[in-house]
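Here the structure is laid out as structure tokens; the discussion comes afterwards.
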Amino acid sequence: GCLVMCSSFPCATPENGTRDTSPTIVLDHGDPTMYESYWQKMGNKCNITFNGNDSLSYFANGKSLCWFLESKLEEQIKRLHKIVGNAIVDNNYIVVGTGSSQLVQAALYALSPSDQLEPISVVSASPFYSAYPDMTDFVRSGLHKWAGDANLFEKDGPYIELITSPNNPDGIIREPVVNGEQGKLIYDLAYYWPQYTSITSPANHDVMLFTISKCTGHAGSRIGWALVKDKEVAGKMTKFMEISTIGVSKEAQLRAGKILEVVSDSCLDFTLENFFEYSRSLMTDRWQRLRQVVTDNDIFFIQNYPRQYCLFTKDVCESHPAFAWLICKGGEEEDCEKLLKEHKIQTRSGRRFGTDSRKVRISMLSRDEDFNIFLKRLMTIKGCINKK
Ligand code: PMP
């Protein structure tokens, strides 16, 4: 159809006729740089300093089971969850990780039985976060093994299911899909924050993972945390961290603690700009503009999300996921990633998420400048079809 024609005649010239010579816009990872403008406005409110004699010890100053967790970070994690209302923190152990990426691996280790001859199956419903297969199999552990799409999993016996909610890549609120008795569940709640989705109830599961990366945009600090009900599981996760990195950088933890403190303050102190209101309105604006372009060029489909009451904003809100999940209206053979690449937009193919090449994931978290170029280029795809 017209898409095939279009993709064989790349057409990255904007409608005003001037050639678009700038490089490919990279939107294939979810690098959360869009919050930079907010943090710039916060000026020196987040500054912290370290003296030469600070943070020398491997150990932290707290009393946590996770012996390297800084008490300042622990306190601010609890405070923020209570203010936002997105997770129950009381009676949970907190384990800090170098990003939630390390905690996914720690949780897989902790939930895998150590007395089995066969590795435990690890599944997640397709489309699943593209890093899970590698996180599970990269070091070829004898403990666990990637078993693909949870919807197709039929084996009896123990398994681990990763539940990402809202989901990466498609933003959908999820529940477990395998109905086995011997399932262990890991809830990856990286995107369960009010700028992306309505907070409908405080999450309360056995193992829940969060990350500062998608909450505040400080992906470079590499701080994630797990809320864990069972003491033995939390202990095993802590052991995993001990063996892999003997803990997590104290500087990163203390900076993350400060950032979370400022986010919480911004929700309570009316003289500060509320971080979630700011980020939510940016996301709302981006999604509106994207939907308009998608409607106009009529070659992609994006799904609608249900409007739900949000306990944090105290209003009915629509979801504005961190990624757009675009589906090409063309036939089965369409390669949406390739089409967009020809228009200098780098995205991630549906194939990487356990589905097909008619779908692509596009980050909605880039800087304004890149997002604007992205929309402009997306518009020209229509221009391209019209010319043919
Ligand atoms: N889980 C999900 C669903 C994610 O999208 C990401 C980041 N792309 C992560 C975990 C890992 O985030 P980080 O290691 O930066 O905390």
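How things are named: the first chain in the structure tokens is A, the next is B, and so on; residues count from 1 in each chain; ligands count from 1 in the order shown.
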
Show me which residues are within 9 Å of ligand 1 counting only C-alpha atoms and all ligand atoms, and format the list as a PDB file with N, CA and C atoms, in the first residue's frame.
ATOM      1  N   HIS A  29      15.255   4.696  23.287  1.00  0.00           N
ATOM      2  CA  HIS A  29      15.226   4.392  24.718  1.00  0.00           C
ATOM      3  C   HIS A  29      14.431   5.463  25.449  1.00  0.00           C
ATOM      4  N   GLY A  30      14.015   5.139  26.650  1.00  0.00           N
ATOM      5  CA  GLY A  30      13.198   6.091  27.398  1.00  0.00           C
ATOM      6  C   GLY A  30      14.074   6.978  28.266  1.00  0.00           C
ATOM      7  N   ASP A  31      14.929   7.786  27.645  1.00  0.00           N
ATOM      8  CA  ASP A  31      15.826   8.651  28.420  1.00  0.00           C
ATOM      9  C   ASP A  31      15.034   9.861  28.906  1.00  0.00           C
ATOM     10  N   GLY A  97      18.818  -0.338  45.004  1.00  0.00           N
ATOM     11  CA  GLY A  97      19.618  -0.938  43.937  1.00  0.00           C
ATOM     12  C   GLY A  97      20.207   0.106  43.011  1.00  0.00           C
ATOM     13  N   THR A  98      21.190  -0.314  42.224  1.00  0.00           N
ATOM     14  CA  THR A  98      21.755   0.545  41.189  1.00  0.00           C
ATOM     15  C   THR A  98      20.766   0.532  40.014  1.00  0.00           C
ATOM     16  N   GLY A  99      19.777   1.394  40.119  1.00  0.00           N
ATOM     17  CA  GLY A  99      18.644   1.363  39.195  1.00  0.00           C
ATOM     18  C   GLY A  99      17.746   0.198  39.554  1.00  0.00           C
ATOM     19  N   SER A 100      16.506   0.236  39.063  1.00  0.00           N
ATOM     20  CA  SER A 100      15.665  -0.931  39.332  1.00  0.00           C
ATOM     21  C   SER A 100      16.105  -2.099  38.458  1.00  0.00           C
ATOM     22  N   SER A 101      16.941  -1.837  37.460  1.00  0.00           N
ATOM     23  CA  SER A 101      17.485  -2.926  36.631  1.00  0.00           C
ATOM     24  C   SER A 101      18.208  -3.962  37.496  1.00  0.00           C
ATOM     25  N   GLN A 102      19.038  -3.473  38.412  1.00  0.00           N
ATOM     26  CA  GLN A 102      19.760  -4.412  39.265  1.00  0.00           C
ATOM     27  C   GLN A 102      18.794  -5.150  40.197  1.00  0.00           C
ATOM     28  N   LEU A 103      17.714  -4.465  40.570  1.00  0.00           N
ATOM     29  CA  LEU A 103      16.749  -5.092  41.484  1.00  0.00           C
ATOM     30  C   LEU A 103      15.895  -6.150  40.789  1.00  0.00           C
ATOM     31  N   VAL A 104      15.679  -6.000  39.479  1.00  0.00           N
ATOM     32  CA  VAL A 104      14.974  -7.058  38.744  1.00  0.00           C
ATOM     33  C   VAL A 104      15.812  -8.337  38.877  1.00  0.00           C
ATOM     34  N   PHE A 128       6.167  -7.129  26.249  1.00  0.00           N
ATOM     35  CA  PHE A 128       6.850  -6.964  27.546  1.00  0.00           C
ATOM     36  C   PHE A 128       8.067  -6.060  27.395  1.00  0.00           C
ATOM     37  N   TYR A 129       8.526  -5.506  28.507  1.00  0.00           N
ATOM     38  CA  TYR A 129       9.715  -4.640  28.534  1.00  0.00           C
ATOM     39  C   TYR A 129      10.885  -5.406  27.906  1.00  0.00           C
ATOM     40  N   SER A 130      11.487  -4.785  26.892  1.00  0.00           N
ATOM     41  CA  SER A 130      12.464  -5.483  26.051  1.00  0.00           C
ATOM     42  C   SER A 130      13.727  -5.946  26.775  1.00  0.00           C
ATOM     43  N   ALA A 131      13.981  -5.422  27.972  1.00  0.00           N
ATOM     44  CA  ALA A 131      15.206  -5.825  28.691  1.00  0.00           C
ATOM     45  C   ALA A 131      15.024  -7.115  29.502  1.00  0.00           C
ATOM     46  N   TYR A 132      13.772  -7.521  29.754  1.00  0.00           N
ATOM     47  CA  TYR A 132      13.573  -8.691  30.626  1.00  0.00           C
ATOM     48  C   TYR A 132      14.254  -9.976  30.123  1.00  0.00           C
ATOM     49  N   ILE A 163       5.249  -8.387  36.150  1.00  0.00           N
ATOM     50  CA  ILE A 163       4.064  -7.609  35.808  1.00  0.00           C
ATOM     51  C   ILE A 163       4.451  -6.132  35.820  1.00  0.00           C
ATOM     52  N   THR A 164       4.404  -5.523  34.652  1.00  0.00           N
ATOM     53  CA  THR A 164       4.812  -4.124  34.515  1.00  0.00           C
ATOM     54  C   THR A 164       3.539  -3.307  34.396  1.00  0.00           C
ATOM     55  N   SER A 165       3.304  -2.414  35.347  1.00  0.00           N
ATOM     56  CA  SER A 165       2.038  -1.685  35.354  1.00  0.00           C
ATOM     57  C   SER A 165       2.229  -0.255  35.883  1.00  0.00           C
ATOM     58  N   PRO A 166       1.932   0.771  35.070  1.00  0.00           N
ATOM     59  CA  PRO A 166       1.550   0.711  33.662  1.00  0.00           C
ATOM     60  C   PRO A 166       2.655   0.028  32.846  1.00  0.00           C
ATOM     61  N   ASN A 167       2.237  -0.616  31.768  1.00  0.00           N
ATOM     62  CA  ASN A 167       3.200  -1.428  31.030  1.00  0.00           C
ATOM     63  C   ASN A 167       4.121  -0.592  30.141  1.00  0.00           C
ATOM     64  N   ASN A 168       5.358  -1.033  30.064  1.00  0.00           N
ATOM     65  CA  ASN A 168       6.307  -0.583  29.051  1.00  0.00           C
ATOM     66  C   ASN A 168       6.336  -1.725  28.045  1.00  0.00           C
ATOM     67  N   PRO A 169       5.942  -1.584  26.807  1.00  0.00           N
ATOM     68  CA  PRO A 169       5.826  -0.360  26.012  1.00  0.00           C
ATOM     69  C   PRO A 169       4.442   0.265  25.868  1.00  0.00           C
ATOM     70  N   ASP A 188       6.729  -4.579  38.553  1.00  0.00           N
ATOM     71  CA  ASP A 188       7.627  -3.501  38.152  1.00  0.00           C
ATOM     72  C   ASP A 188       6.762  -2.252  37.965  1.00  0.00           C
ATOM     73  N   LEU A 189       6.836  -1.352  38.955  1.00  0.00           N
ATOM     74  CA  LEU A 189       5.933  -0.192  38.972  1.00  0.00           C
ATOM     75  C   LEU A 189       6.661   1.103  38.616  1.00  0.00           C
ATOM     76  N   ALA A 190       7.650   0.981  37.732  1.00  0.00           N
ATOM     77  CA  ALA A 190       8.468   2.133  37.324  1.00  0.00           C
ATOM     78  C   ALA A 190       7.627   3.326  36.880  1.00  0.00           C
ATOM     79  N   TYR A 191       6.452   3.035  36.291  1.00  0.00           N
ATOM     80  CA  TYR A 191       5.632   4.128  35.730  1.00  0.00           C
ATOM     81  C   TYR A 191       4.363   4.400  36.536  1.00  0.00           C
ATOM     82  N   LEU A 209       8.791  -2.964  42.509  1.00  0.00           N
ATOM     83  CA  LEU A 209      10.005  -2.244  42.141  1.00  0.00           C
ATOM     84  C   LEU A 209       9.669  -0.834  41.658  1.00  0.00           C
ATOM     85  N   PHE A 210      10.460   0.124  42.119  1.00  0.00           N
ATOM     86  CA  PHE A 210      10.327   1.518  41.694  1.00  0.00           C
ATOM     87  C   PHE A 210      11.697   2.046  41.291  1.00  0.00           C
ATOM     88  N   THR A 211      11.700   3.148  40.561  1.00  0.00           N
ATOM     89  CA  THR A 211      12.974   3.753  40.170  1.00  0.00           C
ATOM     90  C   THR A 211      12.849   5.271  40.118  1.00  0.00           C
ATOM     91  N   ILE A 212      13.935   5.935  40.516  1.00  0.00           N
ATOM     92  CA  ILE A 212      13.928   7.396  40.423  1.00  0.00           C
ATOM     93  C   ILE A 212      13.980   7.831  38.957  1.00  0.00           C
ATOM     94  N   SER A 213      14.487   6.951  38.091  1.00  0.00           N
ATOM     95  CA  SER A 213      14.661   7.294  36.668  1.00  0.00           C
ATOM     96  C   SER A 213      13.380   7.842  36.059  1.00  0.00           C
ATOM     97  N   LYS A 214      12.273   7.121  36.208  1.00  0.00           N
ATOM     98  CA  LYS A 214      11.036   7.510  35.545  1.00  0.00           C
ATOM     99  C   LYS A 214      10.172   8.383  36.442  1.00  0.00           C
ATOM    100  N   HIS A 218      15.849  11.405  37.095  1.00  0.00           N
ATOM    101  CA  HIS A 218      17.283  11.286  37.414  1.00  0.00           C
ATOM    102  C   HIS A 218      17.812   9.884  37.120  1.00  0.00           C
ATOM    103  N   ALA A 219      17.695   9.494  35.851  1.00  0.00           N
ATOM    104  CA  ALA A 219      18.128   8.152  35.450  1.00  0.00           C
ATOM    105  C   ALA A 219      19.627   7.971  35.666  1.00  0.00           C
ATOM    106  N   GLY A 220      20.370   9.067  35.512  1.00  0.00           N
ATOM    107  CA  GLY A 220      21.828   8.989  35.643  1.00  0.00           C
ATOM    108  C   GLY A 220      22.299   8.685  37.049  1.00  0.00           C
ATOM    109  N   SER A 221      21.470   8.911  38.042  1.00  0.00           N
ATOM    110  CA  SER A 221      21.884   8.592  39.418  1.00  0.00           C
ATOM    111  C   SER A 221      21.848   7.098  39.694  1.00  0.00           C
ATOM    112  N   ARG A 222      21.123   6.358  38.846  1.00  0.00           N
ATOM    113  CA  ARG A 222      21.032   4.905  38.941  1.00  0.00           C
ATOM    114  C   ARG A 222      20.505   4.449  40.304  1.00  0.00           C
ATOM    115  N   ILE A 223      19.398   4.987  40.733  1.00  0.00           N
ATOM    116  CA  ILE A 223      18.808   4.571  42.012  1.00  0.00           C
ATOM    117  C   ILE A 223      17.403   3.991  41.796  1.00  0.00           C
ATOM    118  N   GLY A 224      17.227   2.765  42.275  1.00  0.00           N
ATOM    119  CA  GLY A 224      15.912   2.150  42.297  1.00  0.00           C
ATOM    120  C   GLY A 224      15.688   1.556  43.677  1.00  0.00           C
ATOM    121  N   TRP A 225      14.451   1.200  43.977  1.00  0.00           N
ATOM    122  CA  TRP A 225      14.199   0.557  45.261  1.00  0.00           C
ATOM    123  C   TRP A 225      13.122  -0.510  45.135  1.00  0.00           C
ATOM    124  N   ALA A 322       4.702   7.033  29.278  1.00  0.00           N
ATOM    125  CA  ALA A 322       6.053   7.486  28.957  1.00  0.00           C
ATOM    126  C   ALA A 322       6.464   7.107  27.543  1.00  0.00           C
TER     127      ALA A 322
END

Item to check | Selection: 8 Å around range 65-72 of chain A, only C-alpha atoms, excl. self and same-chain fewer than 5 positions, as a list in words | outcome: Tyr58, Phe59, Ala60, Tyr93, Ile94, Val95, Val96, Ala234, Gly235, Thr238, Gly247, Val248, Lys250, Gln253, Leu254 and Gly257 of chain A

Item to check | 7 Å contact set for range 80-88 of chain A, only C-alpha atoms, chain neighbours under 4 positions out, as number ranges by chain | outcome: A: 76, 192, 199, 201-204, 260, 264, 312

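Of the residues under consideration (A:Gly148, A:Gly180, A:Pro194, A:Pro113), A:Pro194 shows the shortest atom-to-atom contact distance to Cys215 in chain A when counting only C-alpha atoms.
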
Next on the checklist: Among range 13-195 of chain A, which ones does DSSP assign to strand (DSSP E or B) (computed from the backbone)? Answer as a PyMOL selection string.
Outcome noted: chain A and resi 25-26+87+93-98+120-124+144-149+159-164+183-188

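Distances to Asn47 in chain A were evaluated for A:Tyr278, A:Ala324, A:Arg367, A:Ile259 using only C-alpha atoms, and the minimum falls at A:Ile259.
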
Checklist outcome for this item: Expressed in Å, the length from CA of Tyr35 in chain A to CA of Lys344 in chain A is 23.8 Å

Next on the checklist: What's the separation between CA of Glu74 in chain A and CA of Val228 in chain A, in Å to one decimal place?
Outcome noted: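 Separation of CA of Glu74 in chain A and CA of Val228 in chain A: 13.3 Å.
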
Checklist outcome for this item: Residue with the minimum atom-to-atom distance to Ile25 in chain A, picked from A:Glu369, A:Asp149, A:Glu232, A:Glu251 with only C-alpha atoms counted, is A:Glu369

Checklist entry - Which polymer residues have any atom within 10 Å of an atom of Asn274 in chain A, counting only C-alpha atoms, with same-chain residues fewer than 3 positions away left out, as a PyMOL selection string? => result chain A and resi 38+262-271+277-280

Checklist entry - Excluding same-chain residues fewer than 4 positions from Gln292 in chain A, what lies within 12 Å of it counting only C-alpha atoms, as an NGL selection string? => result :A and (285-288 or 296-298 or 300-302 or 375-376 or 378-379)
